[in-house]
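my_file.txt (compact mmCIF, C-alpha atoms)
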```
# COMPACT_ATOMS: atom_id res chain seq x y z
CA MET A 180 61.70 95.80 94.43
CA LEU A 181 64.66 96.76 96.54
CA ALA A 182 65.26 95.08 99.85
CA LYS A 183 64.17 96.90 102.97
CA PRO A 184 67.06 99.01 104.29
CA VAL A 185 68.65 98.06 107.60
CA ARG A 186 69.11 100.98 109.97
CA HIS A 187 72.51 101.60 111.44
CA HIS A 188 72.92 103.68 114.60
CA MET A 189 75.93 105.86 113.89
CA THR A 190 77.87 107.69 116.57
CA VAL A 191 79.68 110.75 115.30
CA ARG A 192 82.69 111.82 117.31
CA ARG A 193 82.83 115.57 117.69
CA ASP A 194 86.38 115.59 119.05
CA VAL A 195 87.95 114.57 115.74
CA SER A 196 89.88 117.49 114.29
CA ILE A 197 89.07 118.68 110.81
CA SER A 198 92.67 118.22 109.70
CA SER A 199 92.55 114.50 110.55
CA ARG A 200 89.51 113.79 108.36
CA PRO A 201 90.14 112.13 105.02
CA PRO A 202 89.78 114.43 102.02
CA MET A 203 86.39 114.76 100.37
CA ALA A 204 85.75 111.95 97.89
CA LEU A 205 83.57 111.64 94.82
CA ILE A 206 81.42 108.53 94.91
CA ALA A 207 78.98 107.52 92.20
CA LEU A 208 75.69 105.67 92.51
CA ILE A 209 74.74 103.99 89.23
CA GLY A 210 71.33 102.46 88.66
CA ALA A 211 71.43 98.84 87.43
CA SER A 212 68.09 97.32 88.32
CA GLU A 213 65.77 98.14 85.39
CA VAL A 214 64.89 95.16 83.20
CA LEU A 215 64.42 95.37 79.42
CA PRO A 216 61.08 94.35 77.86
CA ASN A 217 62.69 91.26 76.30
CA GLY A 218 64.81 90.38 79.33
CA GLY A 219 68.25 91.39 80.58
CA LEU A 220 69.36 94.46 82.49
CA ARG A 221 69.21 97.87 80.89
CA ALA A 222 72.67 98.69 82.28
CA LEU A 223 74.18 95.79 80.30
CA VAL A 224 72.87 96.85 76.89
CA THR A 225 75.77 97.13 74.45
CA VAL A 226 76.28 100.26 72.35
CA ALA A 227 79.24 100.21 69.96
CA GLY A 228 80.69 97.13 71.63
CA GLU A 229 80.60 98.58 75.15
CA THR A 230 78.00 98.11 77.89
CA LEU A 231 76.30 101.21 79.22
CA ILE A 232 77.56 100.71 82.76
CA GLU A 233 81.18 100.35 81.58
CA ARG A 234 80.88 103.57 79.62
CA GLN A 235 79.38 105.29 82.66
CA ALA A 236 82.24 104.03 84.84
CA ALA A 237 84.82 105.32 82.37
CA ARG A 238 83.19 108.76 82.22
CA LEU A 239 83.05 108.89 86.01
CA ALA A 240 86.72 107.97 86.28
CA ASP A 241 87.53 110.90 83.98
CA VAL A 242 85.99 113.36 86.48
CA GLY A 243 87.73 111.91 89.54
CA VAL A 244 85.36 109.23 90.85
CA THR A 245 87.27 106.35 92.43
CA HIS A 246 84.42 104.33 93.97
CA ILE A 247 81.18 103.25 92.30
CA ALA A 248 78.14 101.93 94.11
CA VAL A 249 75.83 99.96 91.84
CA ALA A 250 72.17 100.05 92.87
CA VAL A 251 70.88 96.53 92.19
CA ALA A 252 67.82 94.42 92.87
CA ALA A 253 69.69 91.23 91.95
CA LEU A 254 73.21 90.25 90.93
CA PRO A 255 73.15 88.10 87.78
CA ALA A 256 76.37 86.54 86.55
CA ASP A 257 76.77 88.91 83.58
CA LEU A 258 76.54 91.95 85.85
CA LEU A 259 79.15 90.45 88.20
CA ALA A 260 81.46 89.84 85.24
CA THR A 261 81.00 93.43 84.06
CA CYS A 262 81.78 94.77 87.53
CA ASP A 263 84.95 92.67 87.58
CA ARG A 264 86.05 94.24 84.29
CA ILE A 265 85.50 97.70 85.75
CA ARG A 266 87.54 96.74 88.83
CA ARG A 267 90.44 95.62 86.64
CA ARG A 268 90.60 99.18 85.30
CA GLY A 269 91.35 100.49 88.80
CA MET A 270 87.86 101.44 89.97
CA LYS A 271 86.27 100.21 93.21
CA VAL A 272 82.81 98.72 92.62
CA THR A 273 80.34 97.84 95.40
CA PRO A 274 76.80 96.53 94.80
CA VAL A 275 74.21 98.15 97.11
CA ARG A 276 70.57 97.28 97.63
CA ALA A 277 69.49 100.02 100.03
CA ALA A 278 70.52 103.40 101.40
CA ALA A 279 71.92 101.74 104.52
CA ASP A 280 74.45 99.91 102.34
CA LEU A 281 75.44 103.20 100.71
CA MET A 282 75.86 104.86 104.11
CA GLY A 283 78.79 102.55 104.84
CA LEU A 284 80.67 103.93 101.83
CA VAL A 285 80.31 107.68 102.37
CA GLN A 286 81.45 110.16 104.99
CA GLY A 287 80.22 113.57 105.95
CA ASP A 288 82.04 115.65 103.31
CA ASP A 289 81.72 113.22 100.43
CA ARG A 290 79.66 114.01 97.36
CA ILE A 291 77.62 111.38 95.53
CA ILE A 292 76.92 111.52 91.80
CA LEU A 293 73.67 109.86 90.75
CA VAL A 294 73.68 108.24 87.31
CA ALA A 295 70.33 107.11 85.91
CA ASP A 296 69.88 103.50 84.88
CA GLY A 297 70.64 103.18 81.15
CA LEU A 298 72.02 106.71 80.74
CA ARG A 299 74.35 107.48 77.86
CA ALA A 300 75.86 110.97 78.08
CA GLY A 301 79.02 112.80 77.06
CA GLY A 302 82.02 113.63 79.20
CA THR A 303 81.13 117.34 79.37
CA HIS A 304 77.89 116.57 81.20
CA TYR A 305 79.68 114.41 83.77
CA ALA A 306 82.29 117.14 84.24
CA ALA A 307 79.61 119.78 84.80
CA ILE A 308 77.81 117.78 87.48
CA ALA A 309 81.09 116.81 89.21
CA LYS A 310 82.29 120.38 89.74
CA PRO A 311 82.70 121.35 93.42
CA GLY A 312 79.79 123.15 94.96
CA ALA A 313 76.32 122.64 96.35
CA PRO A 314 74.16 119.69 95.21
CA ALA A 315 73.07 120.01 91.59
CA ILE A 316 70.68 118.34 89.15
CA LEU A 317 71.01 118.13 85.38
CA VAL A 318 67.61 119.08 83.95
CA THR A 319 66.10 119.49 80.50
CA GLY A 320 62.80 120.48 78.95
CA ASP A 321 59.68 118.34 78.94
CA THR A 322 59.48 117.28 75.28
CA PRO A 323 58.51 114.07 73.44
CA LEU A 324 62.22 113.18 73.22
CA THR A 325 62.73 113.32 77.00
CA GLN A 326 59.78 111.19 78.10
CA GLY A 327 62.10 108.46 79.36
CA PHE A 328 63.47 110.77 82.08
CA GLU A 329 61.91 111.41 85.48
CA ARG A 330 59.76 114.52 85.76
CA ILE A 331 61.10 117.25 88.06
CA ASP A 332 58.23 119.72 87.83
CA ALA A 333 55.59 120.85 85.35
CA THR A 334 58.12 121.94 82.69
CA ARG A 335 61.36 120.15 83.54
CA ARG A 336 62.65 116.58 83.47
CA TRP A 337 65.74 115.02 84.98
CA GLY A 338 68.74 114.86 82.64
CA GLY A 339 70.03 111.62 84.17
CA LEU A 340 72.81 113.08 86.38
CA ALA A 341 72.74 114.67 89.82
CA SER A 342 75.12 115.53 92.63
CA ILE A 343 73.89 115.00 96.20
CA SER A 344 75.35 115.10 99.70
CA GLU A 345 75.73 112.56 102.50
CA PRO A 346 72.85 113.96 104.64
CA MET A 347 70.39 113.07 101.87
CA VAL A 348 71.57 109.46 101.95
CA ALA A 349 71.27 109.45 105.74
CA GLU A 350 67.73 110.83 105.50
CA LEU A 351 66.72 108.07 103.10
CA ALA A 352 68.32 105.41 105.31
CA ALA A 353 66.23 106.67 108.24
CA MET A 354 62.95 106.50 106.33
CA PRO A 355 60.78 103.47 107.18
CA GLY A 356 59.63 101.10 104.47
CA GLU A 357 60.99 100.27 101.06
CA TRP A 358 61.92 103.02 98.61
CA ASP A 359 63.37 103.28 95.13
CA MET A 360 66.83 104.48 96.11
CA MET A 361 67.71 106.43 92.95
CA LEU A 362 64.41 108.26 92.52
CA THR A 363 63.99 108.98 96.23
CA LEU A 364 67.46 110.54 96.43
CA LEU A 365 66.60 112.61 93.37
CA ARG A 366 63.38 113.79 95.06
CA LEU A 367 65.29 114.70 98.21
CA ALA A 368 67.72 116.74 96.10
CA VAL A 369 64.82 118.56 94.43
CA GLN A 370 63.15 119.28 97.78
CA SER A 371 66.42 120.62 99.21
CA GLY A 372 66.61 123.23 96.44
CA ALA A 373 69.60 121.78 94.60
CA ARG A 374 71.03 123.84 91.76
CA ARG A 375 69.64 123.07 88.32
CA LEU A 376 72.00 122.75 85.37
CA TYR A 377 70.00 123.04 82.16
CA CYS A 378 70.81 121.15 78.96
CA GLU A 379 69.01 121.73 75.68
CA PRO A 380 66.47 119.11 74.49
CA ALA A 381 68.23 119.24 71.10
CA LEU A 382 71.03 117.17 72.64
CA PHE A 383 68.56 114.33 73.05
CA GLU A 384 67.53 114.61 69.41
CA GLN A 385 71.19 114.35 68.38
CA GLY A 386 71.71 111.32 70.61
CA GLU A 387 74.33 113.01 72.82
CA ILE A 388 72.18 112.24 75.88
CA ALA A 389 69.72 109.37 76.00
CA ILE A 390 68.11 106.78 78.20
CA VAL A 391 68.44 103.41 76.52
CA THR A 392 65.15 101.64 77.22
CA ASP A 393 65.49 98.78 74.73
CA ARG A 394 67.90 97.28 72.22
CA PRO A 395 66.39 99.01 69.13
CA THR A 396 67.06 102.35 70.84
CA ALA A 397 70.65 101.26 71.46
CA ALA A 398 71.03 100.40 67.77
CA LEU A 399 69.75 103.84 66.74
CA ILE A 400 72.18 105.56 69.14
CA GLU A 401 75.06 103.50 67.78
CA GLN A 402 74.18 104.43 64.21
CA SER A 403 73.95 108.11 65.14
CA SER A 404 77.30 107.96 66.94
CA LEU A 405 79.00 106.48 63.89
CA GLN A 406 77.87 109.44 61.82
CA GLN A 407 79.08 112.01 64.35
CA VAL A 408 82.72 110.89 64.69
CA GLU A 409 84.95 113.72 63.53
CA TYR A 410 87.20 113.18 60.53
CA GLY A 411 90.32 112.08 62.33
CA GLY A 412 91.74 115.30 63.71
CA MET A 413 94.88 116.82 62.19
CA GLY A 414 96.18 115.91 58.76
CA PHE A 415 95.08 115.72 55.15
CA GLY A 416 95.92 112.04 54.75
CA ARG A 417 94.01 110.95 57.81
CA SER A 418 91.05 113.31 57.47
CA ALA A 419 90.48 113.03 53.72
CA ILE A 420 91.51 109.43 53.03
CA MET A 421 92.05 107.23 56.06
CA MET A 422 89.10 108.20 58.25
CA PRO A 423 86.46 107.98 55.47
CA LEU A 424 87.69 104.44 54.73
CA ILE A 425 87.56 103.50 58.41
CA ARG A 426 84.09 104.96 58.78
CA LEU A 427 82.85 102.69 56.02
CA ALA A 428 83.92 99.74 58.17
CA GLY A 429 82.74 101.44 61.37
CA PRO A 430 79.76 99.16 62.13
CA LEU A 431 82.03 96.11 61.94
CA LEU A 432 84.79 97.68 64.04
CA VAL A 433 82.53 98.66 66.94
CA LYS A 434 80.51 95.45 66.94
CA SER A 435 82.83 93.55 69.27
CA PRO A 436 85.13 94.72 72.09
CA THR A 437 87.66 92.16 70.85
CA THR A 438 88.53 94.49 67.96
CA ALA A 439 89.61 97.28 70.32
CA ARG A 440 91.55 94.78 72.44
CA TYR A 441 93.68 93.33 69.64
CA LEU A 442 93.91 96.26 67.24
CA PRO A 443 96.95 97.84 69.01
CA PHE A 444 98.88 94.56 68.64
CA VAL A 445 98.01 94.28 64.95
CA THR A 446 98.94 97.92 64.32
CA ALA A 447 102.26 97.58 66.16
CA ALA A 448 103.04 94.41 64.17
CA LEU A 449 102.38 96.27 60.91
CA TRP A 450 104.86 99.02 61.77
CA ILE A 451 107.47 96.49 62.85
CA ALA A 452 106.93 94.81 59.48
CA VAL A 453 107.55 98.18 57.78
CA ALA A 454 110.94 98.43 59.51
CA ALA A 455 111.78 94.82 58.65
CA LEU A 456 110.88 95.26 54.97
CA ALA A 457 112.89 98.47 54.74
CA ALA A 458 115.89 96.76 56.35
CA SER A 459 115.57 93.99 53.75
CA GLY A 460 115.72 96.50 50.91
CA LEU A 461 112.02 96.19 50.02
CA ALA A 462 111.28 99.91 50.27
CA ALA A 463 108.12 99.94 48.14
CA SER A 464 106.62 97.01 50.04
CA GLY A 465 107.46 98.72 53.32
CA ALA A 466 105.70 101.92 52.22
CA MET A 467 102.57 100.00 51.24
CA VAL A 468 102.50 98.21 54.59
CA ALA A 469 102.96 101.64 56.23
CA ILE A 470 99.69 102.71 54.61
CA LEU A 471 98.02 99.73 56.32
CA GLY A 472 99.72 100.75 59.58
CA GLY A 473 98.25 104.23 59.15
CA LEU A 474 94.82 102.69 58.73
CA GLY A 475 95.40 100.80 61.98
CA LEU A 476 96.27 104.00 63.87
CA THR A 477 93.20 105.70 62.39
CA ALA A 478 91.01 102.78 63.44
CA MET A 479 92.41 103.04 66.99
CA ARG A 480 91.47 106.70 67.07
CA PHE A 481 88.04 105.93 65.64
CA LEU A 482 87.33 103.35 68.35
CA SER A 483 88.51 105.75 71.07
CA ALA A 484 85.49 107.94 70.23
CA PHE A 485 83.22 105.15 71.50
CA ARG A 486 85.25 103.84 74.41
CA ALA A 487 86.97 105.82 77.11
CA GLU A 488 90.55 104.58 76.93
CA SER A 489 92.80 103.88 79.88
CA ALA A 490 96.08 105.75 80.31
CA ALA A 491 97.95 102.63 79.18
CA GLN A 492 96.00 102.50 75.89
CA ASP A 493 96.73 106.18 75.30
CA ARG A 494 100.44 105.55 75.85
CA VAL A 495 100.43 102.56 73.48
CA ARG A 496 98.86 104.62 70.70
CA ASP A 497 101.35 107.46 71.29
CA VAL A 498 104.28 105.02 71.22
CA ILE A 499 103.13 103.47 67.93
CA ARG A 500 102.58 106.89 66.38
CA THR A 501 106.02 108.09 67.52
CA PHE A 502 107.66 104.95 66.13
CA ALA A 503 105.94 105.52 62.80
CA TRP A 504 107.16 109.11 62.72
CA VAL A 505 110.76 108.10 63.50
CA LEU A 506 110.56 105.40 60.85
CA LEU A 507 109.59 108.02 58.25
CA ALA A 508 112.59 110.17 59.23
CA ILE A 509 115.13 107.34 58.94
CA PHE A 510 113.47 105.36 56.15
CA PRO A 511 116.09 106.09 53.41
CA TRP A 512 118.92 105.38 55.86
CA LEU A 513 117.31 102.12 56.91
CA VAL A 514 116.79 101.00 53.31
CA SER A 515 120.36 101.81 52.23
CA LEU A 516 122.48 100.97 55.27
CA ALA A 517 120.62 97.80 56.22
CA GLY A 518 120.24 96.67 52.62
CA PRO A 519 122.44 94.19 50.83
CA GLY A 520 124.95 96.85 49.65
CA HIS A 521 125.22 98.67 53.00
CA GLN A 522 125.65 101.96 51.10
CA MET A 523 124.99 105.52 52.13
CA PRO A 524 121.61 106.82 50.91
CA LEU A 525 121.36 109.54 48.30
CA PHE A 526 121.73 113.02 49.78
CA SER A 527 118.35 114.10 48.40
CA GLU A 528 116.70 111.33 50.39
CA ALA A 529 118.95 111.20 53.47
CA ALA A 530 118.65 114.93 54.21
CA LEU A 531 115.07 115.57 53.13
CA ALA A 532 113.40 112.64 54.92
CA PRO A 533 114.25 114.08 58.38
CA CYS A 534 113.14 117.49 57.10
CA LEU A 535 109.79 115.99 56.10
CA ALA A 536 109.36 114.36 59.51
CA ALA A 537 110.30 117.64 61.25
CA THR A 538 107.75 119.54 59.14
CA ILE A 539 105.02 117.08 60.14
CA LEU A 540 106.05 117.49 63.79
CA LEU A 541 105.82 121.29 63.35
CA ALA A 542 102.32 120.92 61.92
CA ARG A 543 101.24 118.83 64.91
CA ALA A 544 102.66 121.40 67.34
CA LEU A 545 100.75 124.19 65.58
CA TYR A 546 97.60 122.06 65.61
CA GLU A 547 97.82 121.36 69.34
CA ASP A 548 98.70 124.98 70.11
CA SER A 549 95.57 126.19 68.32
CA GLY A 550 93.45 124.82 71.19
CA GLU A 551 89.72 124.47 70.71
CA ARG A 552 89.57 127.00 67.89
CA ARG A 553 90.77 124.48 65.31
CA ARG A 554 89.72 125.30 61.78
CA PHE A 555 90.85 123.83 58.47
CA HIS A 556 93.09 121.40 60.36
CA TRP A 557 92.49 118.82 57.63
CA LEU A 558 94.80 120.92 55.43
CA LEU A 559 97.88 120.21 57.53
CA PRO A 560 100.43 117.59 56.40
CA ASP A 561 100.69 114.27 58.19
CA ALA A 562 102.56 110.97 57.96
CA ASP A 563 99.65 109.23 56.23
CA GLN A 564 99.81 111.70 53.35
CA ALA A 565 103.58 111.20 53.10
CA TRP A 566 103.38 107.38 52.96
CA ILE A 567 100.52 107.46 50.42
CA MET A 568 102.63 109.64 48.10
CA LEU A 569 105.87 107.78 48.74
CA ALA A 570 104.51 104.30 47.93
CA PRO A 571 104.07 104.85 44.14
CA ALA A 572 107.30 106.88 44.02
CA LEU A 573 109.29 104.02 45.52
CA LEU A 574 107.49 101.50 43.32
CA PHE A 575 108.20 103.33 40.04
CA GLY A 576 111.65 104.69 40.88
CA PHE A 577 111.25 108.44 41.45
CA ALA A 578 111.61 108.43 45.24
CA SER A 579 114.37 111.11 45.21
CA LEU A 580 112.07 113.55 43.45
CA MET A 581 109.23 112.77 45.87
CA PHE A 582 111.45 113.26 48.93
CA ALA A 583 112.32 116.70 47.51
CA ILE A 584 108.69 117.61 46.84
CA LEU A 585 107.10 116.43 50.10
CA PRO A 586 108.81 118.88 52.54
CA LEU A 587 108.01 121.82 50.24
CA LEU A 588 104.41 120.64 49.89
CA ALA A 589 104.15 120.28 53.68
CA LEU A 590 105.40 123.84 54.23
CA LEU A 591 102.94 125.14 51.65
CA GLN A 592 100.10 123.34 53.47
CA ILE A 593 101.17 124.87 56.80
CA LEU A 594 101.31 128.39 55.30
CA LEU A 595 97.90 127.95 53.72
CA TRP A 596 96.49 126.66 57.01
CA LEU A 597 97.94 129.61 58.96
CA ARG A 598 96.36 132.05 56.54
CA LEU A 599 92.93 130.41 56.57
CA ALA A 600 92.89 129.67 60.31
CA ARG A 601 93.52 133.34 61.18
CA ARG A 602 90.66 134.62 59.05
CA PRO A 603 87.64 135.69 61.13
CA GLU A 604 84.77 133.24 61.15
CA ALA A 605 81.68 134.19 59.17
CA ARG A 606 78.80 135.33 61.36
```

Just give me the structure of the file as structure tokens.
Amino acid sequence: MLAKPVRHHMTVRRDVSISSRPPMALIALIGASEVLPNGGLRALVTVAGETLIERQAARLADVGVTHIAVAVAALPADLLATCDRIRRRGMKVTPVRAAADLMGLVQGDDRIILVADGLRAGGTHYAAIAKPGAPAILVTGDTPLTQGFERIDATRRWGGLASISEPMVAELAAMPGEWDMMLTLLRLAVQSGARRLYCEPALFEQGEIAIVTDRPTAALIEQSSLQQVEYGGMGFGRSAIMMPLIRLAGPLLVKSPTTARYLPFVTAALWIAVAALAASGLAASGAMVAILGGLGLTAMRFLSAFRAESAAQDRVRDVIRTFAWVLLAIFPWLVSLAGPGHQMPLFSEAALAPCLAATILLARALYEDSGERRRFHWLLPDADQAWIMLAPALLFGFASLMFAILPLLALLQILLWLRLARRPEAR
């Protein structure tokens, strides 16, 4: 039961000019008071190595929220530790027990996003509820799959997200007695005629939106999420070879957050080892380690589907990928010039390796320019495909022939992709 709110008598100055007010802010109120049947807070249940409240905080940061209020009944040590981790990512976190506590965080023009206790939802749903406008409520149909959500009326249930205004918080703070802060604010939004944003109940069947009520439910959501990760984005090597291998190890990769923390360092070390082996004249060994480095980059992308990454993590992955691409372009030069003989590389390798890297860069530019209408993008060439084909060529001594074939093969893949991607979709 939440503590009884303390009333504050607020004096609003009417002589303050509008231009001197701080800009409107987005503040989130996350529920973190529900207890699981076997103990522990629902908000701290782990799905794919990440607690629900950390995932909620990351999704809220993506839509512009800078301050999170956590509605609590108590503050156990594990919740405090989780809040500290969220703070280290640049988000303000304040525990609140009553509406009066929340009143000290908001001002007249601020909007508050309500996030249900134990909610797991996608970024598109957070973005929809955070759009500027009047208060809004995410709603869905009343079906057996949505019984864990609060009922709105005879045919609708709450979808776990809502956008409310400061007057609703002030109204709750002025109400005598003890009230469930989250549900009462939701009821006030319903009574005020807030807009209703409908989402299909099928999303709950697919696990895209869910209320995690116990750990078995969390395990089912994690298993469903592993099956829904797309096949790696652009590139034949990554989509057809690397990502299927990573998905086989998916349950082990997502089990602990330590994997996501140290994987960038391991991947970077692998690509540095590729450069060191090439400089030592061990070209075939370098190419085989490059395949492992490609698996590391694919695993980083796989884990990013379960955890919202910070800007720093995005930059690290881009830097490693760029280094790998440059290494492919200069690989023959590095092997020959840094080798024991310090000789110029063969023309067939020295000229065609940069051409291969440029062709892969062209494929990526076409892929990114295609926007959301991306079809057959697994056909495009990528660095993983190049390293997989180069490794046996370097090992058995026909690298010059392979360097001649790969750019032509890459151009053929791009032409085939352009032809198929422009065909109208079947209706």

Taken to one decimal, the atom CA of Ile209 of chain A-atom CA of Val294 of chain A distance is 4.8 Å

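Residues lying within 6 Å of segment 383-397 of chain A, counting only C-alpha atoms and ignoring same-chain neighbours fewer than 3 positions away, are Leu215, Val226, Gly297, Leu298, Arg299, Ala300, Pro380 and Ile400 of chain A.
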
Include C-alpha atoms and write out the residues we just selected as a tab-separated table (two decimals), in the coordinates of the input.
```tsv
chain	number	residue	atom	x	y	z
A	215	LEU	CA	64.42	95.37	79.42
A	226	VAL	CA	76.28	100.26	72.35
A	297	GLY	CA	70.64	103.18	81.15
A	298	LEU	CA	72.02	106.71	80.74
A	299	ARG	CA	74.35	107.48	77.86
A	300	ALA	CA	75.86	110.97	78.08
A	380	PRO	CA	66.47	119.11	74.49
A	400	ILE	CA	72.18	105.56	69.14
```

Practice item. Counting only C-alpha atoms, note down every residue that has an atom within 10 Å of the point (106.7, 114.1, 69.4) (file coordinates), as a PyMOL selection string. Key: chain A and resi 497-498+500-502+504-505+537+539-541+543-544

task = Write out as a list of chain:residue names the residues lying within 10 Å of Met467 of chain A, counting only C-alpha atoms and excluding same-chain residues fewer than 5 positions away.
result =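 The residues that qualify are A:Val453, A:Ala462, A:Gly472, A:Gly473, A:Trp566, A:Ile567, A:Leu569, A:Ala570, A:Pro571, A:Leu573, A:Leu574.
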
Record the distance separating atom CA of Ala447 of chain A and atom CA of Ala530 of chain A, expressed in Å with one decimal.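 Going from atom CA of Ala447 of chain A over to atom CA of Ala530 of chain A covers 26.7 Å.
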